[in-house]
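Data file: upload_39.txt. Format and content: compact mmCIF, C-alpha atoms.
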# COMPACT_ATOMS: atom_id res chain seq x y z
CA MET A 11 27.31 24.41 -33.67
CA ILE A 12 24.22 22.22 -33.72
CA LYS A 13 23.07 21.30 -30.22
CA LYS A 14 22.59 17.71 -29.09
CA ILE A 15 19.13 16.98 -27.68
CA PHE A 16 18.43 13.86 -25.64
CA VAL A 17 15.09 12.21 -24.81
CA SER A 18 14.39 8.89 -23.16
CA GLY A 19 11.35 6.66 -22.76
CA CYS A 20 9.81 3.28 -23.52
CA TYR A 21 7.95 4.34 -26.69
CA ASP A 22 5.82 1.23 -26.72
CA MET A 23 3.04 1.13 -29.33
CA LEU A 24 4.51 4.09 -31.20
CA HIS A 25 1.85 6.74 -31.89
CA SER A 26 1.41 10.34 -33.06
CA GLY A 27 2.00 11.69 -29.55
CA HIS A 28 5.51 10.20 -29.57
CA VAL A 29 6.23 11.63 -33.02
CA ALA A 30 4.97 15.10 -32.00
CA PHE A 31 7.24 14.93 -28.93
CA PHE A 32 10.24 14.00 -31.10
CA GLU A 33 9.38 16.77 -33.57
CA GLU A 34 9.20 19.39 -30.80
CA ALA A 35 12.51 18.23 -29.29
CA ALA A 36 14.26 18.12 -32.68
CA GLN A 37 13.46 21.80 -33.29
CA ARG A 38 16.25 22.52 -30.81
CA GLY A 39 18.98 20.46 -32.50
CA ASP A 40 20.02 16.90 -33.37
CA LEU A 41 17.79 14.45 -31.50
CA TYR A 42 19.14 11.34 -29.75
CA VAL A 43 16.71 8.85 -28.21
CA GLY A 44 17.36 6.41 -25.36
CA ILE A 45 14.82 3.58 -25.27
CA GLY A 46 13.89 1.55 -22.21
CA SER A 47 14.72 -2.14 -22.47
CA ASP A 48 12.04 -4.84 -22.26
CA SER A 49 12.96 -5.50 -18.63
CA THR A 50 12.80 -1.78 -17.74
CA THR A 51 9.43 -1.40 -19.46
CA GLU A 52 7.99 -4.32 -17.49
CA GLN A 53 9.48 -2.99 -14.26
CA LEU A 54 7.96 0.48 -14.68
CA LYS A 55 4.67 -0.35 -16.41
CA GLY A 56 3.91 -3.55 -14.54
CA ARG A 57 3.35 -5.40 -17.83
CA PRO A 58 5.47 -6.74 -20.69
CA SER A 59 6.05 -4.33 -23.57
CA ILE A 60 3.67 -4.73 -26.51
CA ASN A 61 6.56 -4.41 -28.94
CA THR A 62 10.03 -5.80 -28.18
CA GLU A 63 13.00 -3.50 -27.67
CA LYS A 64 14.34 -4.44 -31.11
CA GLU A 65 11.05 -3.48 -32.78
CA ARG A 66 10.83 -0.23 -30.83
CA LEU A 67 14.42 0.67 -31.70
CA TYR A 68 13.78 -0.03 -35.39
CA MET A 69 10.67 2.19 -35.48
CA VAL A 70 12.19 5.08 -33.52
CA ARG A 71 15.29 5.12 -35.73
CA ALA A 72 13.03 5.29 -38.79
CA ILE A 73 11.47 8.61 -37.69
CA LYS A 74 12.95 11.50 -39.66
CA HIS A 75 13.32 13.73 -36.59
CA VAL A 76 15.66 11.24 -34.88
CA LYS A 77 19.42 11.48 -35.45
CA ASP A 78 20.17 8.23 -33.58
CA ALA A 79 18.65 5.91 -31.00
CA TRP A 80 19.69 2.99 -28.77
CA ILE A 81 18.50 0.72 -25.96
CA ASN A 82 19.47 2.13 -22.56
CA SER A 83 21.75 -0.14 -20.56
CA GLY A 84 20.44 0.66 -17.07
CA SER A 85 17.15 0.07 -15.27
CA GLY A 86 14.45 2.11 -13.57
CA LEU A 87 13.64 5.77 -14.21
CA LEU A 88 17.32 6.62 -14.71
CA ASP A 89 18.09 3.71 -17.03
CA PHE A 90 19.81 6.19 -19.38
CA GLU A 91 22.38 7.50 -16.87
CA LYS A 92 25.39 5.84 -18.53
CA GLU A 93 24.29 6.94 -22.01
CA ILE A 94 23.56 10.58 -21.16
CA LYS A 95 27.00 10.91 -19.57
CA GLN A 96 28.60 9.46 -22.69
CA LEU A 97 26.54 11.59 -25.08
CA LYS A 98 26.99 14.86 -23.10
CA PRO A 99 23.94 16.52 -24.67
CA ASP A 100 23.17 20.22 -24.42
CA ILE A 101 19.53 19.58 -23.52
CA PHE A 102 17.57 16.78 -21.85
CA PHE A 103 13.96 17.15 -23.05
CA VAL A 104 11.10 15.56 -21.01
CA ASN A 105 7.31 15.74 -20.73
CA GLU A 106 5.60 17.00 -17.56
CA ASP A 107 4.65 13.50 -16.42
CA GLY A 108 8.18 12.32 -17.29
CA PHE A 109 9.86 14.85 -15.02
CA THR A 110 11.34 13.61 -11.73
CA PRO A 111 13.54 15.35 -9.15
CA ASP A 112 16.16 12.65 -9.76
CA LYS A 113 16.38 13.66 -13.43
CA LYS A 114 16.75 17.30 -12.46
CA LYS A 115 19.50 16.42 -9.98
CA LEU A 116 21.38 14.31 -12.56
CA CYS A 117 21.25 17.14 -15.10
CA GLU A 118 22.62 19.59 -12.54
CA GLU A 119 25.46 17.20 -11.71
CA ILE A 120 26.56 16.70 -15.31
CA GLY A 121 25.83 20.22 -16.59
CA VAL A 122 22.92 19.43 -18.93
CA LYS A 123 19.99 21.83 -19.37
CA LEU A 124 16.63 20.23 -18.50
CA ILE A 125 13.59 21.41 -20.49
CA VAL A 126 10.10 20.24 -19.50
CA SER A 127 7.49 20.21 -22.26
CA LYS A 128 3.70 19.94 -22.13
CA ARG A 129 1.97 17.14 -24.02
CA ILE A 130 0.77 19.02 -27.12
CA PRO A 131 -0.52 16.94 -30.06
CA HIS A 132 0.38 17.80 -33.63
CA LYS A 133 -2.04 20.36 -35.08
CA GLY A 134 -5.29 18.71 -36.12
CA LEU A 135 -4.51 15.39 -34.43
CA PRO A 136 -5.97 14.03 -31.15
CA ALA A 137 -3.87 13.63 -28.00
CA ARG A 138 -2.48 10.09 -27.78
CA SER A 139 -0.96 7.92 -25.06
CA THR A 140 0.09 4.28 -24.98
CA THR A 141 -2.44 3.66 -22.20
CA ALA A 142 -5.29 4.96 -24.36
CA MET A 143 -4.08 2.98 -27.38
CA ARG A 144 -4.32 -0.28 -25.45
CA LYS A 145 -7.63 -1.92 -24.65
CA ILE A 146 -9.62 0.72 -22.80
CA CYS A 147 -9.76 0.01 -19.08
CA ASN A 148 -11.82 2.36 -16.93
CA ILE A 149 -10.95 0.76 -13.59
CA PRO A 150 -9.56 3.57 -11.40
CA PHE A 151 -6.47 3.88 -9.27
CA ARG A 152 -6.70 5.03 -5.63
CA LEU A 153 -5.04 7.74 -3.59
CA ASP A 154 -5.38 8.04 0.19
CA LEU A 155 -5.47 11.74 1.04
CA ALA A 156 -5.22 11.36 4.82
CA GLY A 157 -5.39 8.74 7.56
CA GLY A 158 -3.71 5.96 5.60
CA TRP A 159 -2.64 3.06 7.90
CA LEU A 160 -5.78 3.31 10.08
CA ASP A 161 -7.25 0.54 7.94
CA GLN A 162 -4.70 -1.80 9.50
CA PRO A 163 -5.78 -3.29 12.88
CA TYR A 164 -2.23 -3.12 14.24
CA VAL A 165 -2.58 0.69 13.96
CA SER A 166 -6.28 1.23 14.73
CA LYS A 167 -5.98 -0.81 17.94
CA PHE A 168 -4.27 2.25 19.42
CA HIS A 169 -6.89 4.71 18.20
CA PRO A 170 -9.83 4.49 15.75
CA GLY A 171 -10.24 6.98 12.93
CA PRO A 172 -10.99 7.64 9.26
CA VAL A 173 -9.07 7.18 6.03
CA ILE A 174 -9.90 9.68 3.27
CA THR A 175 -9.56 8.27 -0.26
CA ILE A 176 -10.20 9.46 -3.81
CA SER A 177 -10.84 7.29 -6.84
CA VAL A 178 -8.49 8.39 -9.65
CA GLN A 179 -9.30 8.15 -13.36
CA PRO A 180 -6.73 6.00 -15.24
CA ASP A 181 -5.52 8.87 -17.45
CA TYR A 182 -1.94 7.99 -16.50
CA GLN A 183 -0.33 4.57 -16.35
CA PHE A 184 0.91 5.01 -12.80
CA HIS A 185 4.05 3.01 -12.09
CA ASP A 186 3.86 -0.27 -10.20
CA ARG A 187 4.89 -0.08 -6.54
CA SER A 188 4.03 3.61 -6.46
CA GLY A 189 1.34 3.75 -3.78
CA MET A 190 -1.57 4.21 -6.21
CA SER A 191 -3.01 0.76 -5.41
CA SER A 192 -1.86 -0.74 -8.71
CA SER A 193 -1.73 -4.27 -7.26
CA THR A 194 -5.36 -4.09 -6.09
CA ARG A 195 -6.32 -2.61 -9.45
CA LYS A 196 -4.76 -5.61 -11.21
CA LYS A 197 -6.97 -7.88 -9.09
CA ALA A 198 -9.97 -5.77 -10.09
CA ILE A 199 -9.01 -6.18 -13.75
CA GLN A 200 -8.81 -9.96 -13.24
CA LEU A 201 -12.32 -9.88 -11.77
CA TRP A 202 -14.04 -7.39 -14.05
CA GLN A 203 -11.72 -6.86 -17.08
CA THR A 204 -12.39 -3.23 -18.07
CA ASP A 205 -14.85 -1.55 -15.71
CA ILE A 206 -16.43 -1.66 -12.25
CA PRO A 207 -19.78 -3.47 -12.72
CA GLU A 208 -23.14 -2.11 -11.69
CA GLY A 209 -24.35 -3.07 -8.23
CA ASP A 210 -23.97 -2.31 -4.55
CA LYS A 211 -20.59 -0.60 -4.20
CA GLU A 212 -19.84 -1.98 -0.76
CA ILE A 213 -20.55 -5.55 -1.84
CA LEU A 214 -18.32 -5.07 -4.89
CA ALA A 215 -15.54 -3.62 -2.73
CA LYS A 216 -15.83 -6.53 -0.29
CA THR A 217 -15.63 -8.94 -3.23
CA LEU A 218 -12.43 -7.28 -4.44
CA PHE A 219 -10.97 -7.20 -0.90
CA SER A 220 -11.68 -10.92 -0.44
CA PHE A 221 -10.26 -11.76 -3.87
CA GLU A 222 -7.02 -9.94 -3.06
CA ASN A 223 -6.79 -11.45 0.43
CA PRO A 224 -7.81 -15.14 0.21
CA PRO A 225 -7.68 -17.37 3.32
CA GLY A 226 -4.10 -17.85 4.47
CA THR A 227 -2.84 -14.44 3.30
CA LYS A 228 -0.09 -13.41 5.72
CA ILE A 229 0.03 -9.66 4.99
CA ILE A 230 -3.48 -8.31 4.47
CA SER A 231 -3.82 -5.45 2.00
CA GLY A 232 -5.85 -2.69 3.64
CA SER A 233 -9.49 -2.43 2.67
CA GLN A 234 -9.05 1.26 1.77
CA ASP A 235 -7.46 0.02 -1.49
CA SER A 236 -10.51 -1.88 -2.72
CA ILE A 237 -12.97 0.73 -1.41
CA GLY A 238 -10.96 3.59 -2.90
CA ILE A 239 -11.03 1.91 -6.31
CA VAL A 240 -14.69 0.88 -6.31
CA PHE A 241 -16.31 3.92 -4.69
CA PRO A 242 -16.25 7.00 -6.98
CA GLY A 243 -15.46 10.49 -5.75
CA VAL A 244 -13.95 11.19 -2.33
CA ASN A 245 -14.82 8.96 0.61
CA LYS A 246 -14.37 8.89 4.37
CA LEU A 247 -13.89 5.35 5.69
CA HIS A 248 -14.22 5.24 9.48
CA TYR A 249 -12.39 2.34 11.12
CA ALA A 250 -13.18 1.15 14.63
CA LYS A 251 -10.43 -0.38 16.74
CA LYS A 252 -8.87 -3.58 15.33
CA GLU A 253 -11.23 -3.80 12.33
CA PHE A 254 -10.28 -4.66 8.74
CA TRP A 255 -13.48 -3.18 7.34
CA PRO A 256 -14.82 0.32 8.15
CA GLU A 257 -17.91 0.64 10.28
CA SER A 258 -19.17 3.45 8.03
CA ILE A 259 -18.41 4.96 4.60
CA SER A 260 -19.34 8.57 3.86
CA SER A 261 -19.14 9.81 0.26
CA ALA A 262 -18.82 13.31 -1.18
CA ASN A 263 -19.60 13.46 -4.88
CA ASN A 264 -20.58 17.11 -5.08
CA ARG A 265 -19.14 18.43 -8.34
CA ARG A 266 -17.74 21.60 -6.74
CA ILE A 267 -15.97 19.59 -4.03
CA LEU A 268 -14.37 17.22 -6.53
CA LYS A 269 -13.18 20.14 -8.69
CA PHE A 270 -11.79 21.80 -5.55
CA ILE A 271 -9.63 18.72 -4.88
CA GLU A 272 -8.61 18.25 -8.53
CA ASN A 273 -7.60 21.89 -8.92
CA HIS A 274 -5.30 21.87 -5.90
CA LEU A 275 -3.54 18.49 -6.04
CA TRP A 276 -0.27 18.22 -7.99
CA PHE A 277 1.74 15.05 -8.59
CA VAL A 278 5.53 14.88 -8.93
CA THR A 279 6.95 11.55 -10.13
CA LEU A 280 9.51 9.90 -7.85
CA SER A 281 11.33 6.62 -8.39
CA PRO A 282 9.29 3.45 -7.74
CA ARG A 283 9.89 1.70 -4.43
CA ILE A 284 12.93 -0.59 -4.54
CA GLY A 285 12.35 -4.34 -4.53
CA ASP A 286 13.36 -4.97 -0.92
CA PHE A 287 11.51 -1.93 0.48
CA ASP A 288 10.11 -2.80 3.93
CA VAL A 289 8.10 0.01 5.47
CA LEU A 290 7.24 -2.19 8.47
CA SER A 291 10.79 -2.24 9.81
CA HIS A 292 11.66 0.11 12.69
CA THR A 293 8.10 1.30 13.34
CA ASN A 294 6.98 3.53 16.20
CA ILE A 295 3.24 2.80 16.40
CA ASN A 296 1.61 4.08 19.57
CA GLN A 297 -1.54 5.75 20.90
CA ALA A 298 -0.32 9.34 20.50
CA ASN A 299 0.80 8.92 16.89
CA ALA A 300 -2.37 7.03 15.90
CA GLN A 301 -4.52 9.73 17.51
CA ASN A 302 -2.61 12.46 15.65
CA LEU A 303 -3.25 10.58 12.41
CA ALA A 304 -6.97 10.26 13.15
CA ASN A 305 -7.27 13.94 14.11
CA ALA A 306 -5.52 15.05 10.92
CA SER A 307 -7.79 12.86 8.82
CA ASN A 308 -10.94 14.28 10.48
CA ASN A 309 -9.60 17.78 9.83
CA CYS A 310 -9.01 16.87 6.19
CA TRP A 311 -12.61 15.73 5.76
CA ASP A 312 -13.88 18.92 7.37
CA ALA A 313 -11.65 21.03 5.08
CA ILE A 314 -12.97 19.18 2.03
CA GLN A 315 -16.60 19.82 3.03
CA LYS A 316 -15.88 23.51 3.55
CA MET A 317 -13.49 23.73 0.56
CA ASP A 318 -11.00 25.42 2.87
CA LEU A 319 -7.72 25.27 0.94
CA GLU A 320 -5.34 26.26 3.75
CA LYS A 321 -6.91 23.78 6.17
CA PHE A 322 -6.89 21.12 3.43
CA GLY A 323 -3.16 21.53 2.88
CA LYS A 324 -2.37 21.72 6.59
CA SER A 325 -4.38 18.58 7.41
CA ILE A 326 -2.68 16.54 4.66
CA LYS A 327 0.72 17.66 5.89
CA GLU A 328 -0.22 16.78 9.50
CA SER A 329 -1.49 13.37 8.38
CA PHE A 330 1.78 12.71 6.56
CA GLU A 331 3.83 13.79 9.59
CA ALA A 332 1.83 11.41 11.80
CA GLN A 333 2.42 8.60 9.30
CA ILE A 334 6.18 9.02 9.15
CA ALA A 335 6.33 9.32 12.94
CA MET A 336 4.99 5.76 13.02
CA PHE A 337 6.65 4.50 9.82
CA PRO A 338 9.94 6.41 9.38
CA LYS A 339 10.95 4.14 6.48
CA MET A 340 8.29 5.84 4.33
CA VAL A 341 10.83 8.55 3.56
CA THR A 342 14.41 8.42 2.32
CA PRO A 343 17.03 11.21 2.14
CA ALA A 344 16.22 11.62 -1.56
CA ILE A 345 12.50 11.95 -0.84
CA LEU A 346 13.13 14.50 1.91
CA GLU A 347 15.30 16.46 -0.51
CA SER A 348 12.45 16.47 -3.05
CA ILE A 349 9.97 17.64 -0.41
CA ASN A 350 12.30 20.45 0.67
CA SER A 351 12.58 21.68 -2.91
CA TYR A 352 8.78 22.23 -3.05
CA LYS A 353 8.06 23.43 0.50
CA ASN A 354 8.03 27.12 -0.35
CA GLU A 355 5.27 26.72 -2.96
CA ALA A 356 3.12 24.16 -1.12
CA LEU A 357 0.38 24.33 1.52
CA GLY A 358 0.82 20.64 2.26
CA TRP A 359 2.32 17.44 0.93
CA LYS A 360 2.33 13.68 1.29
CA LEU A 361 3.59 10.55 -0.43
CA SER A 362 1.35 8.18 -2.31
CA GLY A 363 0.62 5.00 -0.38
CA ALA A 364 3.28 3.58 1.90
CA GLY A 365 5.98 5.84 0.51
CA GLY A 366 9.51 4.75 -0.25
CA GLY A 367 9.03 6.30 -3.71
CA GLY A 368 6.08 6.62 -6.06
CA TYR A 369 4.62 10.12 -6.18
CA LEU A 370 4.99 13.28 -4.13
CA VAL A 371 1.50 14.78 -3.83
CA ILE A 372 1.45 18.54 -3.26
CA VAL A 373 -1.41 20.81 -2.21
CA SER A 374 -1.11 24.25 -3.78
CA GLY A 375 -3.35 27.08 -4.89
CA LYS A 376 -0.95 27.86 -7.74
CA PRO A 377 0.45 25.69 -10.55
CA VAL A 378 3.41 23.58 -9.40
CA LYS A 379 6.32 23.44 -11.80
CA ASN A 380 7.01 20.07 -13.44
CA ALA A 381 3.93 18.46 -11.86
CA PHE A 382 0.77 16.96 -13.33
CA GLN A 383 -2.82 16.73 -12.14
CA ILE A 384 -5.41 13.95 -12.01
CA ARG A 385 -9.17 13.55 -12.48
CA ILE A 386 -11.41 12.04 -9.82
CA THR A 387 -13.98 9.49 -11.00
CA ARG A 388 -17.58 10.69 -10.99
How would this structure read if it were set down as structure tokens?
Amino acid sequence: MIKKIFVSGCYDMLHSGHVAFFEEAAQRGDLYVGIGSDSTTEQLKGRPSINTEKERLYMVRAIKHVKDAWINSGSGLLDFEKEIKQLKPDIFFVNEDGFTPDKKKLCEEIGVKLIVSKRIPHKGLPARSTTAMRKICNIPFRLDLAGGWLDQPYVSKFHPGPVITISVQPDYQFHDRSGMSSSTRKKAIQLWQTDIPEGDKEILAKTLFSFENPPGTKIISGSQDSIGIVFPGVNKLHYAKKEFWPESISSANNRRILKFIENHLWFVTLSPRIGDFDVLSHTNINQANAQNLANASNNCWDAIQKMDLEKFGKSIKESFEAQIAMFPKMVTPAILESINSYKNEALGWKLSGAGGGGYLVIVSGKPVKNAFQIRITR
């Protein structure tokens, strides 16, 4: 009997990469496609879809590899849950950056085989993505490697210390509310449209920080966001007690160091943070926890300079443990379950940003299954 193959996605601005993905999936049987609604697309991408759900459905159904397609009735990363249970496919086919632990868990629950594919363009054609097809925007995202929260005075008042950040090339359209500083990046796009302008990096970062936090702002976004976006490479931002802006910024743009970080960081997609997520409830911020965070961040910087992989992984793990000791809401049972599933193959791990979802970042000397990697801006 012919197998039923299921794929799901937004498929906005349909391109050759989508068609190659459908073609690869359809080699395994009859292909059924679940399409994210307009509201789901805006929720996940942080922008309205370029083409409406009706247009996207029409185009996907017209592709010869597709047996049938529909608009998924749910929302979020599992917007297809109702449809996949009704379809009962033999295989759920996803790309590496489309894999999430929640999808794996759902497939195990309903008895569907999950196959993870690499993004391989059709022979002779360039790799395509919806992000690249849109107006090119070179403004980076930001990831804090260690020490995150020390840029907030209500934490640094207990103990000063550094935050280690990397500036991440926009090769992926990271989800909104995922801890990759997408909200600060949107402010940067409002200011500068497509690229960070020439000029003094600290002045530019201060401009972005001020633009995001105008007078009267009640909850101040940490300055590590604007600095992490504007300053290329990996940076150590040292915060004195009760200060919004670091007293010093040290940069490491050595090519070997940046490749060392890129080669050993792996990203696993989690669900975006829920709308009412409040990481500031039930905190346990004190001198001991803040000092542990600062010590771990200093160790991370030292490991980066020495390109010591084991120390790098250990320091990131210790930084994360200090964070969740102060902010236990950063993790949920589902997140802890995801972490546990990767512990045996990881030297360290953390969550992007304030947690609650987003991305699980793993340090490993070996390839991590169903994970993708990033490039650091030069």
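One distance worth recording is that between atom CA of Ser236 of chain A and atom CA of Ile206 of chain A, which is 11.2 Å.
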Show me, as an mmCIF file with C-alpha atoms, in the coordinates of the input, the residues that have an atom within 9 Å of Leu87 of chain A when counting all atoms listed in the file, minus same-chain residues fewer than 6 positions from it.
data_model
loop_
_atom_site.group_PDB
_atom_site.id
_atom_site.type_symbol
_atom_site.label_atom_id
_atom_site.label_comp_id
_atom_site.auth_asym_id
_atom_site.auth_seq_id
_atom_site.Cartn_x
_atom_site.Cartn_y
_atom_site.Cartn_z
ATOM 1 C CA GLY A 19 11.350 6.660 -22.760
ATOM 2 C CA THR A 50 12.800 -1.780 -17.740
ATOM 3 C CA LEU A 54 7.960 0.480 -14.680
ATOM 4 C CA THR A 110 11.340 13.610 -11.730
ATOM 5 C CA ASP A 112 16.160 12.650 -9.760
ATOM 6 C CA LYS A 113 16.380 13.660 -13.430
ATOM 7 C CA LEU A 280 9.510 9.900 -7.850
ATOM 8 C CA SER A 281 11.330 6.620 -8.390
ATOM 9 C CA PRO A 282 9.290 3.450 -7.740
#
Computed gap from atom CA of Gln333 of chain A to atom CA of Lys379 of chain A is 26.1 Å
Check your understanding: Hey, which of A:Ile349, A:Ile174, A:His25, A:Gln53 ends up closest to Met69 of chain A? Count only C-alpha atoms.
Key ->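 The closest residue to Met69 of chain A is A:His25.
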From atom CA of Leu153 of chain A to atom CA of Gly243 of chain A the spacing works out at 11.0 Å
| query | For Ile45 of chain A, which residue out of A:Ala79, A:Val341, A:Leu247, A:Leu303 is the nearest one, using only C-alpha atoms? | reply |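 Checking each of A:Ala79, A:Val341, A:Leu247, A:Leu303 against Ile45 of chain A, counting only C-alpha atoms, the winner is A:Ala79.
Distances to Ser192 of chain A were evaluated for A:Arg265, A:Lys167, A:Arg57, A:Arg66 using only C-alpha atoms, and the minimum falls at A:Arg57.
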_Show me the residues close to (5.7, 5.9, 11.0) - anything with an atom within 12 Å, counting only C-alpha atoms - and format the list as an MDAnalysis selection string._
chainID A and resid 157:160 165 289:296 298:300 302:303 329:341 364:366
Check: Hey, what's within 8 Å of Lys246 of chain A if we count all atoms listed in the file and toss same-chain stuff fewer than 4 positions away? As a list of chain:residue names, please?
Finding: A:Pro172, A:Val173, A:Ile174, A:Thr175, A:Ile259, A:Ser260, A:Ser261, A:Trp311
Write the residues you've just listed into a file as a PDB file, keeping the file's coordinate frame, and include C-alpha atoms for each of them.
ATOM      1  CA  PRO A 172     -10.990   7.640   9.260  1.00  0.00           C
ATOM      2  CA  VAL A 173      -9.070   7.180   6.030  1.00  0.00           C
ATOM      3  CA  ILE A 174      -9.900   9.680   3.270  1.00  0.00           C
ATOM      4  CA  THR A 175      -9.560   8.270  -0.260  1.00  0.00           C
ATOM      5  CA  ILE A 259     -18.410   4.960   4.600  1.00  0.00           C
ATOM      6  CA  SER A 260     -19.340   8.570   3.860  1.00  0.00           C
ATOM      7  CA  SER A 261     -19.140   9.810   0.260  1.00  0.00           C
ATOM      8  CA  TRP A 311     -12.610  15.730   5.760  1.00  0.00           C
TER       9      TRP A 311
END
Restore N, CA and C atoms in segment 48-71 of chain A and list the result as an mmCIF file, in the frame of the given file.
data_model
loop_
_atom_site.group_PDB
_atom_site.id
_atom_site.type_symbol
_atom_site.label_atom_id
_atom_site.label_comp_id
_atom_site.auth_asym_id
_atom_site.auth_seq_id
_atom_site.Cartn_x
_atom_site.Cartn_y
_atom_site.Cartn_z
ATOM 1 N N ASP A 48 13.243 -4.061 -22.596
ATOM 2 C CA ASP A 48 12.040 -4.840 -22.260
ATOM 3 C C ASP A 48 11.903 -5.016 -20.754
ATOM 4 N N SER A 49 13.021 -5.282 -20.082
ATOM 5 C CA SER A 49 12.960 -5.500 -18.630
ATOM 6 C C SER A 49 12.607 -4.203 -17.895
ATOM 7 N N THR A 50 13.126 -3.065 -18.354
ATOM 8 C CA THR A 50 12.800 -1.780 -17.740
ATOM 9 C C THR A 50 11.326 -1.439 -17.949
ATOM 10 N N THR A 51 10.829 -1.673 -19.158
ATOM 11 C CA THR A 51 9.430 -1.400 -19.460
ATOM 12 C C THR A 51 8.510 -2.209 -18.535
ATOM 13 N N GLU A 52 8.821 -3.487 -18.360
ATOM 14 C CA GLU A 52 7.990 -4.320 -17.490
ATOM 15 C C GLU A 52 8.088 -3.873 -16.039
ATOM 16 N N GLN A 53 9.278 -3.454 -15.628
ATOM 17 C CA GLN A 53 9.480 -2.990 -14.260
ATOM 18 C C GLN A 53 8.656 -1.737 -13.968
ATOM 19 N N LEU A 54 8.643 -0.789 -14.898
ATOM 20 C CA LEU A 54 7.960 0.480 -14.680
ATOM 21 C C LEU A 54 6.473 0.419 -14.969
ATOM 22 N N LYS A 55 6.070 -0.312 -16.006
ATOM 23 C CA LYS A 55 4.670 -0.350 -16.410
ATOM 24 C C LYS A 55 3.885 -1.468 -15.744
ATOM 25 N N GLY A 56 4.606 -2.435 -15.160
ATOM 26 C CA GLY A 56 3.910 -3.550 -14.540
ATOM 27 C C GLY A 56 3.326 -4.528 -15.534
ATOM 28 N N ARG A 57 3.816 -4.500 -16.769
ATOM 29 C CA ARG A 57 3.350 -5.400 -17.830
ATOM 30 C C ARG A 57 4.454 -5.537 -18.858
ATOM 31 N N PRO A 58 4.485 -6.625 -19.607
ATOM 32 C CA PRO A 58 5.470 -6.740 -20.690
ATOM 33 C C PRO A 58 5.199 -5.693 -21.763
ATOM 34 N N SER A 59 6.241 -5.275 -22.475
ATOM 35 C CA SER A 59 6.050 -4.330 -23.570
ATOM 36 C C SER A 59 5.248 -5.005 -24.685
ATOM 37 N N ILE A 60 4.445 -4.206 -25.380
ATOM 38 C CA ILE A 60 3.670 -4.730 -26.510
ATOM 39 C C ILE A 60 4.605 -5.085 -27.653
ATOM 40 N N ASN A 61 5.555 -4.182 -27.916
ATOM 41 C CA ASN A 61 6.560 -4.410 -28.940
ATOM 42 C C ASN A 61 7.927 -4.601 -28.277
ATOM 43 N N THR A 62 8.718 -5.518 -28.779
ATOM 44 C CA THR A 62 10.030 -5.800 -28.180
ATOM 45 C C THR A 62 10.955 -4.606 -28.345
ATOM 46 N N GLU A 63 12.030 -4.603 -27.589
ATOM 47 C CA GLU A 63 13.000 -3.500 -27.670
ATOM 48 C C GLU A 63 13.588 -3.374 -29.062
ATOM 49 N N LYS A 64 13.801 -4.497 -29.756
ATOM 50 C CA LYS A 64 14.340 -4.440 -31.110
ATOM 51 C C LYS A 64 13.353 -3.770 -32.069
ATOM 52 N N GLU A 65 12.065 -4.108 -31.929
ATOM 53 C CA GLU A 65 11.050 -3.480 -32.780
ATOM 54 C C GLU A 65 10.943 -1.987 -32.485
ATOM 55 N N ARG A 66 10.953 -1.637 -31.210
ATOM 56 C CA ARG A 66 10.830 -0.230 -30.830
ATOM 57 C C ARG A 66 12.033 0.578 -31.325
ATOM 58 N N LEU A 67 13.217 0.003 -31.211
ATOM 59 C CA LEU A 67 14.420 0.670 -31.700
ATOM 60 C C LEU A 67 14.348 0.891 -33.212
ATOM 61 N N TYR A 68 13.903 -0.127 -33.937
ATOM 62 C CA TYR A 68 13.780 -0.030 -35.390
ATOM 63 C C TYR A 68 12.823 1.099 -35.779
ATOM 64 N N MET A 69 11.668 1.179 -35.120
ATOM 65 C CA MET A 69 10.670 2.190 -35.480
ATOM 66 C C MET A 69 11.129 3.603 -35.108
ATOM 67 N N VAL A 70 11.734 3.751 -33.936
ATOM 68 C CA VAL A 70 12.190 5.080 -33.520
ATOM 69 C C VAL A 70 13.287 5.585 -34.455
ATOM 70 N N ARG A 71 14.214 4.709 -34.822
ATOM 71 C CA ARG A 71 15.290 5.120 -35.730
ATOM 72 C C ARG A 71 14.761 5.515 -37.109
#
